[in-house]
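A.B. asks: Below is the structure I would like to discuss, written out as structure tokens.
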Amino acid sequence: LPMIYRLSAAKLTKGTCGASVDTIVARNLLMMVGRGMAAHASHALHVASTLLKTAQNKTSYKIKEPEKLMSIAAKLNLDASQGTESAAIEAASTAISDLVYDKSAMKFATSYFPVSTGKTLQGLGAIPGSVGSELLAEGHETSMGTMADPVSLILHAARLGVADMASLIISSEFQDVLFGIPAPVQSKIGLNVLDVNKVNVVIHGHVPLLSEKLVELSEDEELLKSAKASGASGINIVGCCCTGNEVLMRHGVPLAGSNLQQELVIATGLVEAFVADIQCIYPNVENVAAKFHTKIITTMKEARLPGALHIQFEEEHADKAAREILETAVANFQKRGKNTYLPKGEPKNLIAGFSVETCLGVLSKINPSDPLKPLIDNIASGNIYGAVLLAGCTSSKVTADASHVTIAKTLMKQNVLVIATGCAAQACARAGLLTPEASQYAGDRLKGVLGLLGETAGLGKPLPPVWHFGSCVDNGRVVILAGSLAEKLGVPVKDLPIAASAAEWMTEKAAAIGTGAVALGVTVHLGVTPPVIGSPAVVSLLTQKSEELFGGKFIVEVDPVKASQLLLEHIKEKRGKLGLAT
């Protein structure tokens with residue numbers, strides 16, 4: 001990036017080595033997407049390894065969803081005739097092969113994406129091999145004196161984006177198998193989910209393997225007895241960022257905050273243990289914790305902090321690590337100082353726990369023989385004008401939460417169904433949009449659909465106008481749902497009246513997700529300008545040429561009101577091409 005600025009300032013078009021601005025920008029983008037994809041693939045590898053070892057009776061985890069495991073095996077065309085453990089070994093081994101070993105194509109990509117999408121990707125050479133082989137090629141291509149063709153670099157970024165989507169699906173699907181398929185659950189969000197009378201343990205990061213054990217052991221009689229002996233009334237587990245989203249949607253664990261609020265959570269002075277696994281962990285948490293009694297505890301080899309207590313997570317010894325962490329937190333309770341603070345008022349209510357299975361389960365009550373038909377009928381009639389996924393981070397470059405909330409409210413007023421994941425979902429929750437009462441912001445036609453679905457689901461109230469679909473890896477759920485709709489309608493994903501918005505994106509992972517979505521045919525809005533504007537050629541590739549090749553493109557608009565209108569225009573165009581009322 002500094003080189004781009006120097007070239008721009010000097011009005012030069014090439015570096016000393018002869019690399020053009022287009023080459024430099026494309027190379028940097030490929031490296032960014034590669035790092036994001038590596039993060040998601042590493043997550044997937046941890047989960048696949050845990051499933052494999054669980055099937056081999058090497059861990060204390062259980063396979064909670066054998067039926068889903070069998071459906072995964074069927075999708076991958078694996079032999080599941082020998083039973084649950086055999087199917088788990090086959091599925092996990094396939095995933096590990098996709099992630100680590102050299103091969104011609106990722107099976108989770110070719111098996112999960114619609115046939116029409118696969119043909120497009122195949123024709124463009126955008127079906128990835130294993131993650132390991134792709135990252136090896138990416139590292140080589142971006143080294144000095146190697147790949148200089150910007151088009152080839154951007155096509156490789158698209159291939160990495162597709163691999164990222166497959167990695168998300170591995171994590172999301174296998175986590176359901178191990179921990180259960182999410183179902184609608186009521187909970188709360190806000191700093192004041194911390195309890196002044198309890199041992200507060202904040203779980204932060206993205207991989208829920210250890211956090212599941214922490215939630216389970218927080219009710220352990222021996223640990224509770226120890227907590228009470230220390231003067232606490234119990235143990236309070238709260239979530240932060242995407243690990244928080246994971247335990248929220250399966251156990252109703254309340255959320256303390258998002259990626260931008262991790263330091264604020266510690267600054268309450270009420271946190272006995274801040275437990276971090278991987279990703280979105282700011283080193284500054286150590287500086288903040290040093291002012292309080294909070295123990296920063298890291299658990300994964302990929303994300304150690306220099307001054308933190310490290311309690312290593314290993315699948316085979318997860319219970320031991322979880323118990324040690326909670327014992328450390330309990331022992332720290334008596335060191336809590338008097339300098340504590342909680343915001344006034346109550347935390348916001350929310351409903352989370354949406355999944356493809358949950359949606360189909362509710363729709364099947366309306367049409368048991370064809371669950372997708374009620375959804376398709378409501379899209380065709382315009383009761384649901386379209387659907388937009390709000391994804392990604394909350395960013396320090398803009399007013400945090402504001403862009404997500406503005407876009408959500410604007411779209412739902414025009415009868416667009418909003419699905420949200422990750423910290424974007426938490427932004428909507430803090431604004432009260434994950435409650436039945438928030439249906440007041442929806443257009444009349446969408447409001448009617450939400451009311452019907454809420455009654456059908458037994459809620460007795462409308463469903464929220466924003467559906468919390470989980471953590472960042474659960475963008476894979478949205479890919480599966482979109483693919484199912486496309487196949488049912490007999491059209492490519494690119495023709496659906498859908499879009500995505502990463503209004504406050506900031507991480508490499510978001511770049512990988514966005515690139516993968518565009519490669520699958522989804523148009524993606526970015527509310528923070530990506531570092532590509534130094535190259536008109538790369539900008540054209542991402543915002544125009546990509547639509548010709550893949551069917552998806554990036555839209556860059558920092559004003560959330562204008563962005564909402566662009567998304568609505570995109571949906572209107574897609575509805576028109578499908579012959580639906582606009």
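The way I read the labels, and the way they are meant: chains A, B, ... in the order of the structure tokens, residue 1 as the first residue of every chain, and ligand 1 as the first ligand shown, with later ones counted on from there.
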Which polymer residues have any atom within 12 Å of an atom of Leu375 of chain A, counting only C-alpha atoms, with same-chain residues fewer than 6 positions away left out, as a list in words?

C.D. replies: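 What passes the distance filter is Cys359, Leu360, Val362, Leu363, Ser364, Ile366, Asn367, Ser381, Gly382, Asn383, Ile384, Tyr385, Gly386, Ala387, Leu417, Leu446, Val449, Leu450, Leu452, Leu453, Leu481, Ala482, Ser484, Leu485, Lys488 and Leu489 of chain A.
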
A.B. asks: Find the spatial neighbours of segment 29-34 of chain A, counting only C-alpha atoms, within a cut-off of 8 Å - ignore same-chain residues fewer than 2 positions away - and output them as an MDAnalysis selection string.

C.D. replies: chainID A and resid 25:27 36:38 135 138:139 142 153:154 156:157 160:161 508:509 511:512 515 531:532

A.B. asks: Can you write out the residues you just picked, keeping all heavy atoms, as a compact mmCIF listing (two decimals), in the first residue's frame?

C.D. replies:
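selection.txt, freshly written:
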```
# COMPACT_ATOMS: atom_id res chain seq x y z
N VAL A 25 -1.72 -3.65 -6.87
CA VAL A 25 -3.01 -3.67 -6.18
C VAL A 25 -3.60 -5.08 -6.21
O VAL A 25 -4.10 -5.58 -5.20
CB VAL A 25 -3.98 -2.66 -6.81
CG1 VAL A 25 -5.39 -2.83 -6.26
CG2 VAL A 25 -3.50 -1.23 -6.55
N ALA A 26 -3.56 -5.73 -7.37
CA ALA A 26 -4.11 -7.09 -7.50
C ALA A 26 -3.36 -8.06 -6.60
O ALA A 26 -3.95 -8.94 -5.96
CB ALA A 26 -4.05 -7.55 -8.95
N ARG A 27 -2.04 -7.90 -6.52
CA ARG A 27 -1.22 -8.76 -5.68
C ARG A 27 -1.60 -8.58 -4.19
O ARG A 27 -1.74 -9.56 -3.45
CB ARG A 27 0.25 -8.44 -5.90
CG ARG A 27 1.23 -9.37 -5.20
CD ARG A 27 2.64 -8.86 -5.41
NE ARG A 27 3.07 -8.98 -6.80
CZ ARG A 27 3.99 -8.20 -7.37
NH1 ARG A 27 4.54 -7.23 -6.68
NH2 ARG A 27 4.33 -8.39 -8.62
N GLY A 36 -7.46 -14.16 4.77
CA GLY A 36 -8.81 -14.39 5.28
C GLY A 36 -9.25 -15.82 5.10
O GLY A 36 -9.83 -16.44 6.01
N MET A 37 -8.95 -16.37 3.91
CA MET A 37 -9.32 -17.76 3.65
C MET A 37 -8.56 -18.71 4.57
O MET A 37 -9.11 -19.70 5.06
CB MET A 37 -9.06 -18.09 2.18
CG MET A 37 -9.66 -19.42 1.73
SD MET A 37 -8.51 -20.79 1.89
CE MET A 37 -7.52 -20.57 0.43
N ALA A 38 -7.28 -18.40 4.83
CA ALA A 38 -6.49 -19.24 5.73
C ALA A 38 -7.10 -19.27 7.12
O ALA A 38 -7.12 -20.32 7.78
CB ALA A 38 -5.05 -18.72 5.79
N LEU A 135 -3.07 -22.03 -1.16
CA LEU A 135 -2.25 -21.07 -0.41
C LEU A 135 -0.78 -21.16 -0.80
O LEU A 135 -0.07 -20.15 -0.80
CB LEU A 135 -2.42 -21.30 1.09
CG LEU A 135 -3.76 -20.85 1.68
CD1 LEU A 135 -3.84 -21.22 3.16
CD2 LEU A 135 -3.96 -19.36 1.50
N GLU A 138 -0.64 -19.23 -3.95
CA GLU A 138 -0.81 -17.79 -3.66
C GLU A 138 0.48 -17.20 -3.10
O GLU A 138 0.91 -16.11 -3.51
CB GLU A 138 -1.96 -17.60 -2.67
CG GLU A 138 -2.20 -16.15 -2.26
CD GLU A 138 -1.52 -15.80 -0.95
OE1 GLU A 138 -1.55 -16.62 -0.02
OE2 GLU A 138 -0.93 -14.69 -0.86
N GLY A 139 1.11 -17.91 -2.16
CA GLY A 139 2.37 -17.43 -1.60
C GLY A 139 3.46 -17.31 -2.65
O GLY A 139 4.25 -16.36 -2.65
N THR A 142 2.67 -14.34 -5.28
CA THR A 142 2.81 -12.98 -4.76
C THR A 142 4.21 -12.68 -4.26
O THR A 142 4.47 -11.59 -3.74
CB THR A 142 1.79 -12.72 -3.62
OG1 THR A 142 1.97 -13.71 -2.59
CG2 THR A 142 0.37 -12.78 -4.13
N LEU A 153 -4.13 -12.73 -11.17
CA LEU A 153 -4.13 -12.54 -9.71
C LEU A 153 -5.55 -12.43 -9.16
O LEU A 153 -5.88 -13.01 -8.13
CB LEU A 153 -3.31 -11.30 -9.34
CG LEU A 153 -1.79 -11.41 -9.53
CD1 LEU A 153 -1.15 -10.04 -9.52
CD2 LEU A 153 -1.17 -12.30 -8.45
N ILE A 154 -6.39 -11.68 -9.85
CA ILE A 154 -7.77 -11.51 -9.39
C ILE A 154 -8.57 -12.80 -9.54
O ILE A 154 -9.39 -13.15 -8.68
CB ILE A 154 -8.46 -10.35 -10.14
CG1 ILE A 154 -7.78 -9.02 -9.83
CG2 ILE A 154 -9.94 -10.27 -9.78
CD1 ILE A 154 -7.78 -8.65 -8.37
N HIS A 156 -7.32 -15.74 -9.26
CA HIS A 156 -6.87 -16.59 -8.15
C HIS A 156 -7.55 -16.15 -6.86
O HIS A 156 -7.93 -16.98 -6.02
CB HIS A 156 -5.35 -16.53 -8.00
CG HIS A 156 -4.82 -17.62 -7.14
ND1 HIS A 156 -3.48 -17.84 -6.94
CD2 HIS A 156 -5.44 -18.60 -6.41
CE1 HIS A 156 -3.30 -18.88 -6.14
NE2 HIS A 156 -4.48 -19.34 -5.79
N ALA A 157 -7.74 -14.84 -6.69
CA ALA A 157 -8.46 -14.36 -5.50
C ALA A 157 -9.88 -14.91 -5.49
O ALA A 157 -10.42 -15.29 -4.44
CB ALA A 157 -8.48 -12.83 -5.48
N LEU A 160 -9.73 -18.46 -4.33
CA LEU A 160 -9.58 -18.51 -2.88
C LEU A 160 -10.89 -18.16 -2.18
O LEU A 160 -11.20 -18.72 -1.13
CB LEU A 160 -8.48 -17.54 -2.44
CG LEU A 160 -7.04 -17.85 -2.84
CD1 LEU A 160 -6.09 -16.81 -2.28
CD2 LEU A 160 -6.63 -19.23 -2.39
N GLY A 161 -11.64 -17.23 -2.76
CA GLY A 161 -12.94 -16.89 -2.19
C GLY A 161 -13.89 -18.07 -2.20
O GLY A 161 -14.64 -18.30 -1.24
N GLU A 508 -9.48 -9.33 6.96
CA GLU A 508 -9.19 -10.10 5.76
C GLU A 508 -10.25 -11.18 5.53
O GLU A 508 -10.56 -11.52 4.39
CB GLU A 508 -7.82 -10.78 5.88
CG GLU A 508 -6.65 -9.85 6.05
CD GLU A 508 -6.19 -9.74 7.49
OE1 GLU A 508 -7.04 -9.87 8.39
OE2 GLU A 508 -4.99 -9.53 7.71
N LYS A 509 -10.81 -11.70 6.62
CA LYS A 509 -11.86 -12.71 6.49
C LYS A 509 -13.06 -12.17 5.74
O LYS A 509 -13.68 -12.87 4.92
CB LYS A 509 -12.28 -13.21 7.87
CG LYS A 509 -11.22 -13.96 8.62
CD LYS A 509 -11.71 -14.38 9.99
CE LYS A 509 -12.05 -13.15 10.84
NZ LYS A 509 -12.66 -13.52 12.13
N ALA A 511 -12.95 -9.84 3.51
CA ALA A 511 -12.55 -9.75 2.10
C ALA A 511 -12.70 -11.10 1.41
O ALA A 511 -13.14 -11.18 0.26
CB ALA A 511 -11.11 -9.25 2.00
N ALA A 512 -12.35 -12.17 2.12
CA ALA A 512 -12.47 -13.52 1.55
C ALA A 512 -13.93 -13.90 1.35
O ALA A 512 -14.31 -14.45 0.31
CB ALA A 512 -11.77 -14.53 2.45
N THR A 515 -15.39 -11.84 -1.57
CA THR A 515 -14.89 -12.32 -2.86
C THR A 515 -15.53 -13.64 -3.24
O THR A 515 -15.91 -13.86 -4.40
CB THR A 515 -13.36 -12.46 -2.82
OG1 THR A 515 -12.78 -11.20 -2.45
CG2 THR A 515 -12.81 -12.89 -4.16
N PRO A 531 -8.94 -1.31 -0.36
CA PRO A 531 -7.67 -0.72 -0.81
C PRO A 531 -7.31 -1.12 -2.24
O PRO A 531 -6.28 -1.73 -2.50
CB PRO A 531 -6.66 -1.30 0.19
CG PRO A 531 -7.24 -2.63 0.56
CD PRO A 531 -8.73 -2.44 0.56
N VAL A 532 -8.19 -0.77 -3.19
CA VAL A 532 -7.95 -1.12 -4.59
C VAL A 532 -8.09 0.08 -5.53
O VAL A 532 -7.86 -0.05 -6.73
CB VAL A 532 -8.93 -2.23 -5.06
CG1 VAL A 532 -8.74 -3.49 -4.24
CG2 VAL A 532 -10.38 -1.77 -4.99
```

A.B. asks: What is the distance, in Å and to one decimal place, between atom CA of Pro347 of chain A and atom CA of Asp195 of chain A?

C.D. replies: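 Pair atom CA of Pro347 of chain A / atom CA of Asp195 of chain A returns 11.7 Å.
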
A.B. asks: Find the residue from A:Ser97, A:Glu573, A:Asp79, A:Tyr341 that sits nearest to Ala41 of chain A; use only C-alpha atoms when measuring.

C.D. replies: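 Result for the nearest residue to Ala41 of chain A: A:Ser97.
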
A.B. asks: If you count only C-alpha atoms, which residues fall within 7 Å of His468 of chain A, apart from same-chain ones fewer than 5 positions away, as a JSON list (two decimals) with C-alpha atoms, in the first residue's frame?

C.D. replies:
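That gives us out-v4.json:
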```json
[["chain", "number", "residue", "atom", "x", "y", "z"],
["A", 352, "ALA", "CA", -31.43, -15.75, 17.58],
["A", 353, "GLY", "CA", -30.90, -19.32, 16.41],
["A", 354, "PHE", "CA", -32.08, -19.26, 12.81],
["A", 419, "ILE", "CA", -30.60, -11.92, 7.36],
["A", 420, "ALA", "CA", -27.59, -11.07, 9.53],
["A", 421, "THR", "CA", -24.47, -12.83, 10.73],
["A", 425, "ALA", "CA", -26.16, -9.30, 13.58]]
```

A.B. asks: Among segment 175-343 of chain A, which ones does DSSP assign to strand (DSSP E or B) (computed from the backbone)? Answer as an MDAnalysis selection string.

C.D. replies: chainID A and resid 185:189 199:205 235:240 255:257 273:276 295:298 309:310

A.B. asks: Keeping only C-alpha atoms, write those residues as a PDB file, in the first residue's frame.

C.D. replies:
```pdb
ATOM      1  CA  VAL A 185     -33.830 -18.886  21.342  1.00  0.00           C
ATOM      2  CA  GLN A 186     -34.455 -15.740  23.372  1.00  0.00           C
ATOM      3  CA  SER A 187     -31.580 -13.941  25.049  1.00  0.00           C
ATOM      4  CA  LYS A 188     -30.107 -10.488  25.692  1.00  0.00           C
ATOM      5  CA  ILE A 189     -27.282  -8.234  24.517  1.00  0.00           C
ATOM      6  CA  VAL A 199     -17.920 -14.815  38.485  1.00  0.00           C
ATOM      7  CA  ASN A 200     -17.988 -13.321  34.982  1.00  0.00           C
ATOM      8  CA  VAL A 201     -16.287 -15.251  32.190  1.00  0.00           C
ATOM      9  CA  VAL A 202     -16.206 -13.674  28.717  1.00  0.00           C
ATOM     10  CA  ILE A 203     -15.657 -16.046  25.793  1.00  0.00           C
ATOM     11  CA  HIS A 204     -14.302 -14.366  22.683  1.00  0.00           C
ATOM     12  CA  GLY A 205     -13.145 -15.468  19.254  1.00  0.00           C
ATOM     13  CA  ILE A 235     -20.737 -18.398  37.336  1.00  0.00           C
ATOM     14  CA  ASN A 236     -21.915 -16.144  34.510  1.00  0.00           C
ATOM     15  CA  ILE A 237     -20.766 -16.990  30.974  1.00  0.00           C
ATOM     16  CA  VAL A 238     -21.222 -14.197  28.419  1.00  0.00           C
ATOM     17  CA  GLY A 239     -20.202 -14.010  24.777  1.00  0.00           C
ATOM     18  CA  CYS A 240     -18.197 -11.616  22.675  1.00  0.00           C
ATOM     19  CA  LEU A 255     -23.893 -11.329  24.378  1.00  0.00           C
ATOM     20  CA  ALA A 256     -21.727  -8.681  26.010  1.00  0.00           C
ATOM     21  CA  GLY A 257     -20.462  -7.101  22.809  1.00  0.00           C
ATOM     22  CA  ALA A 273     -11.556 -14.177  32.946  1.00  0.00           C
ATOM     23  CA  PHE A 274     -11.437 -13.045  29.333  1.00  0.00           C
ATOM     24  CA  VAL A 275     -11.047 -16.269  27.358  1.00  0.00           C
ATOM     25  CA  ALA A 276      -9.893 -15.922  23.743  1.00  0.00           C
ATOM     26  CA  LYS A 295      -7.122 -12.541  33.601  1.00  0.00           C
ATOM     27  CA  ILE A 296      -6.578 -12.708  29.848  1.00  0.00           C
ATOM     28  CA  ILE A 297      -6.509 -16.406  28.928  1.00  0.00           C
ATOM     29  CA  THR A 298      -5.516 -17.562  25.448  1.00  0.00           C
ATOM     30  CA  LEU A 309      -2.075 -16.890  30.722  1.00  0.00           C
ATOM     31  CA  HIS A 310      -2.077 -19.651  28.103  1.00  0.00           C
TER      32      HIS A 310
END
```

A.B. asks: If we count only C-alpha atoms and set the cut-off at 7 Å, which residues sit around segment 61-64 of chain A, ignoring sequence neighbours fewer than 5 positions away in its own chain? Please answer as a PDB file with N, CA and C atoms, in the first residue's frame.

C.D. replies:
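Okay, part06.pdb is ready:
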```
ATOM      1  N   THR A  54     -13.621 -37.473  17.593  1.00  0.00           N
ATOM      2  CA  THR A  54     -14.823 -37.865  18.342  1.00  0.00           C
ATOM      3  C   THR A  54     -15.354 -39.198  17.833  1.00  0.00           C
ATOM      4  N   VAL A 177     -23.339 -30.819  13.688  1.00  0.00           N
ATOM      5  CA  VAL A 177     -23.290 -32.256  13.979  1.00  0.00           C
ATOM      6  C   VAL A 177     -22.832 -32.494  15.417  1.00  0.00           C
ATOM      7  N   LEU A 178     -21.831 -31.730  15.836  1.00  0.00           N
ATOM      8  CA  LEU A 178     -21.260 -31.934  17.169  1.00  0.00           C
ATOM      9  C   LEU A 178     -22.071 -31.286  18.285  1.00  0.00           C
ATOM     10  N   PHE A 179     -22.607 -30.100  18.031  1.00  0.00           N
ATOM     11  CA  PHE A 179     -23.199 -29.317  19.116  1.00  0.00           C
ATOM     12  C   PHE A 179     -24.701 -29.103  19.000  1.00  0.00           C
ATOM     13  N   GLY A 180     -25.277 -29.493  17.875  1.00  0.00           N
ATOM     14  CA  GLY A 180     -26.716 -29.350  17.701  1.00  0.00           C
ATOM     15  C   GLY A 180     -27.069 -28.256  16.701  1.00  0.00           C
TER      16      GLY A 180
END
```

A.B. asks: I'd like the neighbourhood of His293 of chain A as a CSV table (one decimal) with all heavy atoms, in the first residue's frame, where a residue qualifies if any of its atoms comes within 8 Å (using only C-alpha atoms), though same-chain residues fewer than 3 positions away should be ignored.

C.D. replies:
```
chain,number,residue,atom,x,y,z
A,269,GLY,N,-14.5,-3.6,34.7
A,269,GLY,CA,-13.9,-4.1,36.0
A,269,GLY,C,-14.6,-5.3,36.6
A,269,GLY,O,-14.3,-5.7,37.7
A,271,VAL,N,-14.9,-8.4,34.9
A,271,VAL,CA,-14.6,-9.6,34.2
A,271,VAL,C,-13.5,-10.3,34.9
A,271,VAL,O,-12.3,-9.8,35.0
A,271,VAL,CB,-14.2,-9.3,32.7
A,271,VAL,CG1,-13.8,-10.6,32.0
A,271,VAL,CG2,-15.3,-8.6,32.0
A,272,GLU,N,-13.8,-11.5,35.4
A,272,GLU,CA,-12.7,-12.4,36.1
A,272,GLU,C,-11.8,-13.0,35.1
A,272,GLU,O,-10.6,-13.1,35.3
A,272,GLU,CB,-13.4,-13.4,37.0
A,272,GLU,CG,-13.7,-12.9,38.4
A,272,GLU,CD,-14.8,-11.8,38.4
A,272,GLU,OE1,-15.9,-12.0,37.8
A,272,GLU,OE2,-14.5,-10.7,38.9
A,289,ALA,N,-6.7,-4.8,30.4
A,289,ALA,CA,-6.8,-5.8,31.6
A,289,ALA,C,-5.8,-5.4,32.7
A,289,ALA,O,-6.0,-5.7,33.9
A,289,ALA,CB,-6.6,-7.2,31.1
A,290,ALA,N,-4.7,-4.9,32.3
A,290,ALA,CA,-3.6,-4.5,33.3
A,290,ALA,C,-4.1,-3.5,34.3
A,290,ALA,O,-3.5,-3.4,35.4
A,290,ALA,CB,-2.4,-4.0,32.5
A,332,ASN,N,-10.1,-15.8,40.9
A,332,ASN,CA,-9.8,-14.4,40.6
A,332,ASN,C,-10.9,-13.5,41.1
A,332,ASN,O,-10.8,-12.3,41.2
A,332,ASN,CB,-9.6,-14.2,39.1
A,332,ASN,CG,-8.9,-12.9,38.8
A,332,ASN,OD1,-8.0,-12.4,39.6
A,332,ASN,ND2,-9.1,-12.3,37.7
A,335,LYS,N,-10.3,-10.9,43.9
A,335,LYS,CA,-9.4,-9.9,43.6
A,335,LYS,C,-10.1,-8.7,42.8
A,335,LYS,O,-9.4,-7.7,42.5
A,335,LYS,CB,-8.3,-10.4,42.7
A,335,LYS,CG,-7.4,-11.5,43.4
A,335,LYS,CD,-6.3,-12.0,42.5
A,335,LYS,CE,-5.5,-13.1,43.1
A,335,LYS,NZ,-4.4,-13.6,42.2
A,336,ARG,N,-11.4,-8.8,42.6
A,336,ARG,CA,-12.1,-7.8,41.9
A,336,ARG,C,-12.0,-6.5,42.7
A,336,ARG,O,-12.3,-6.5,43.9
A,336,ARG,CB,-13.6,-8.2,41.7
A,336,ARG,CG,-14.4,-7.1,40.9
A,336,ARG,CD,-15.8,-7.4,40.9
A,336,ARG,NE,-16.2,-8.6,40.1
A,336,ARG,CZ,-17.4,-9.1,39.9
A,336,ARG,NH1,-18.4,-8.5,40.6
A,336,ARG,NH2,-17.6,-10.2,39.2
A,337,GLY,N,-11.7,-5.4,42.1
A,337,GLY,CA,-11.6,-4.1,42.8
A,337,GLY,C,-13.0,-3.5,42.9
A,337,GLY,O,-14.0,-4.0,42.5
```

A.B. asks: With a distance cut-off of 10 Å and only C-alpha atoms, select the neighbouring residues of segment 550-553 of chain A, excluding the residue or stretch itself and same-chain residues fewer than 5 positions from it, and output the selection as an mmCIF file with N, CA and C atoms, in the first residue's frame.

C.D. replies:
```cif
data_model
loop_
_atom_site.group_PDB
_atom_site.id
_atom_site.type_symbol
_atom_site.label_atom_id
_atom_site.label_comp_id
_atom_site.auth_asym_id
_atom_site.auth_seq_id
_atom_site.Cartn_x
_atom_site.Cartn_y
_atom_site.Cartn_z
ATOM 1 N N THR A 117 -23.840 -23.051 -10.851
ATOM 2 C CA THR A 117 -22.713 -22.293 -10.308
ATOM 3 C C THR A 117 -21.409 -23.040 -10.543
ATOM 4 N N THR A 120 -20.190 -22.629 -14.098
ATOM 5 C CA THR A 120 -19.590 -21.308 -14.318
ATOM 6 C C THR A 120 -18.180 -21.257 -13.754
ATOM 7 N N LEU A 121 -18.033 -21.722 -12.516
ATOM 8 C CA LEU A 121 -16.723 -21.710 -11.873
ATOM 9 C C LEU A 121 -15.741 -22.612 -12.606
ATOM 10 N N LEU A 124 -14.337 -21.016 -15.716
ATOM 11 C CA LEU A 124 -13.413 -19.916 -15.460
ATOM 12 C C LEU A 124 -12.151 -20.374 -14.730
ATOM 13 N N ALA A 126 -12.119 -21.544 -11.708
ATOM 14 C CA ALA A 126 -12.254 -21.000 -10.350
ATOM 15 C C ALA A 126 -12.690 -22.044 -9.332
ATOM 16 N N ALA A 158 -10.507 -14.967 -6.666
ATOM 17 C CA ALA A 158 -11.854 -15.539 -6.754
ATOM 18 C C ALA A 158 -11.837 -17.010 -6.358
ATOM 19 N N PRO A 492 -29.924 -19.727 -11.988
ATOM 20 C CA PRO A 492 -28.642 -19.553 -11.281
ATOM 21 C C PRO A 492 -28.808 -18.643 -10.072
ATOM 22 N N VAL A 493 -27.897 -18.773 -9.119
ATOM 23 C CA VAL A 493 -27.918 -17.907 -7.936
ATOM 24 C C VAL A 493 -27.880 -16.441 -8.340
ATOM 25 N N LYS A 494 -27.145 -16.133 -9.406
ATOM 26 C CA LYS A 494 -26.988 -14.739 -9.833
ATOM 27 C C LYS A 494 -28.313 -14.094 -10.235
ATOM 28 N N ASP A 495 -29.339 -14.909 -10.542
ATOM 29 C CA ASP A 495 -30.631 -14.360 -10.968
ATOM 30 C C ASP A 495 -31.606 -14.141 -9.821
ATOM 31 N N ALA A 499 -28.956 -10.023 -2.285
ATOM 32 C CA ALA A 499 -27.672 -9.322 -2.272
ATOM 33 C C ALA A 499 -27.082 -9.451 -0.879
ATOM 34 N N GLY A 514 -16.520 -11.864 1.010
ATOM 35 C CA GLY A 514 -17.098 -11.044 -0.054
ATOM 36 C C GLY A 514 -16.668 -11.514 -1.427
ATOM 37 N N THR A 515 -15.389 -11.839 -1.571
ATOM 38 C CA THR A 515 -14.890 -12.316 -2.862
ATOM 39 C C THR A 515 -15.531 -13.640 -3.239
ATOM 40 N N GLY A 516 -15.688 -14.521 -2.257
ATOM 41 C CA GLY A 516 -16.347 -15.798 -2.517
ATOM 42 C C GLY A 516 -17.801 -15.614 -2.914
ATOM 43 N N ALA A 517 -18.496 -14.700 -2.253
ATOM 44 C CA ALA A 517 -19.897 -14.451 -2.579
ATOM 45 C C ALA A 517 -20.041 -13.937 -4.004
ATOM 46 N N VAL A 518 -19.171 -13.017 -4.395
ATOM 47 C CA VAL A 518 -19.213 -12.486 -5.767
ATOM 48 C C VAL A 518 -18.952 -13.605 -6.768
ATOM 49 N N ALA A 519 -17.990 -14.472 -6.472
ATOM 50 C CA ALA A 519 -17.685 -15.590 -7.377
ATOM 51 C C ALA A 519 -18.858 -16.551 -7.513
ATOM 52 N N LEU A 520 -19.693 -16.642 -6.468
ATOM 53 C CA LEU A 520 -20.873 -17.517 -6.524
ATOM 54 C C LEU A 520 -22.069 -16.833 -7.160
ATOM 55 N N GLY A 521 -21.918 -15.557 -7.533
ATOM 56 C CA GLY A 521 -22.990 -14.867 -8.240
ATOM 57 C C GLY A 521 -23.782 -13.880 -7.410
ATOM 58 N N VAL A 522 -23.304 -13.548 -6.215
ATOM 59 C CA VAL A 522 -24.016 -12.628 -5.326
ATOM 60 C C VAL A 522 -23.374 -11.242 -5.403
ATOM 61 N N THR A 523 -24.190 -10.219 -5.575
ATOM 62 C CA THR A 523 -23.688 -8.847 -5.556
ATOM 63 C C THR A 523 -23.506 -8.405 -4.111
ATOM 64 N N VAL A 524 -22.339 -7.804 -3.810
ATOM 65 C CA VAL A 524 -21.955 -7.474 -2.445
ATOM 66 C C VAL A 524 -21.684 -5.980 -2.320
ATOM 67 N N HIS A 525 -22.368 -5.342 -1.383
ATOM 68 C CA HIS A 525 -22.106 -3.931 -1.076
ATOM 69 C C HIS A 525 -21.010 -3.812 -0.033
ATOM 70 N N SER A 540 -12.334 -2.015 -12.081
ATOM 71 C CA SER A 540 -13.225 -2.468 -13.155
ATOM 72 C C SER A 540 -13.472 -3.974 -13.081
ATOM 73 N N LEU A 541 -12.418 -4.733 -12.781
ATOM 74 C CA LEU A 541 -12.569 -6.181 -12.663
ATOM 75 C C LEU A 541 -13.549 -6.557 -11.555
ATOM 76 N N LEU A 542 -13.505 -5.842 -10.442
ATOM 77 C CA LEU A 542 -14.329 -6.187 -9.283
ATOM 78 C C LEU A 542 -15.744 -5.660 -9.372
ATOM 79 N N THR A 543 -15.939 -4.541 -10.043
ATOM 80 C CA THR A 543 -17.261 -3.902 -10.059
ATOM 81 C C THR A 543 -18.013 -4.050 -11.374
ATOM 82 N N GLN A 544 -17.332 -4.458 -12.437
ATOM 83 C CA GLN A 544 -18.004 -4.589 -13.733
ATOM 84 C C GLN A 544 -17.725 -5.950 -14.381
ATOM 85 N N LYS A 545 -16.453 -6.222 -14.656
ATOM 86 C CA LYS A 545 -16.111 -7.447 -15.372
ATOM 87 C C LYS A 545 -16.541 -8.685 -14.600
#
```

A.B. asks: Which residue out of A:Gln261, A:Asn57, A:Thr435, A:Thr456 has the minimum interatomic distance to Lys365 of chain A when only C-alpha atoms are used?

C.D. replies: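 Using only C-alpha atoms, the shortest distance to Lys365 of chain A belongs to A:Thr456.
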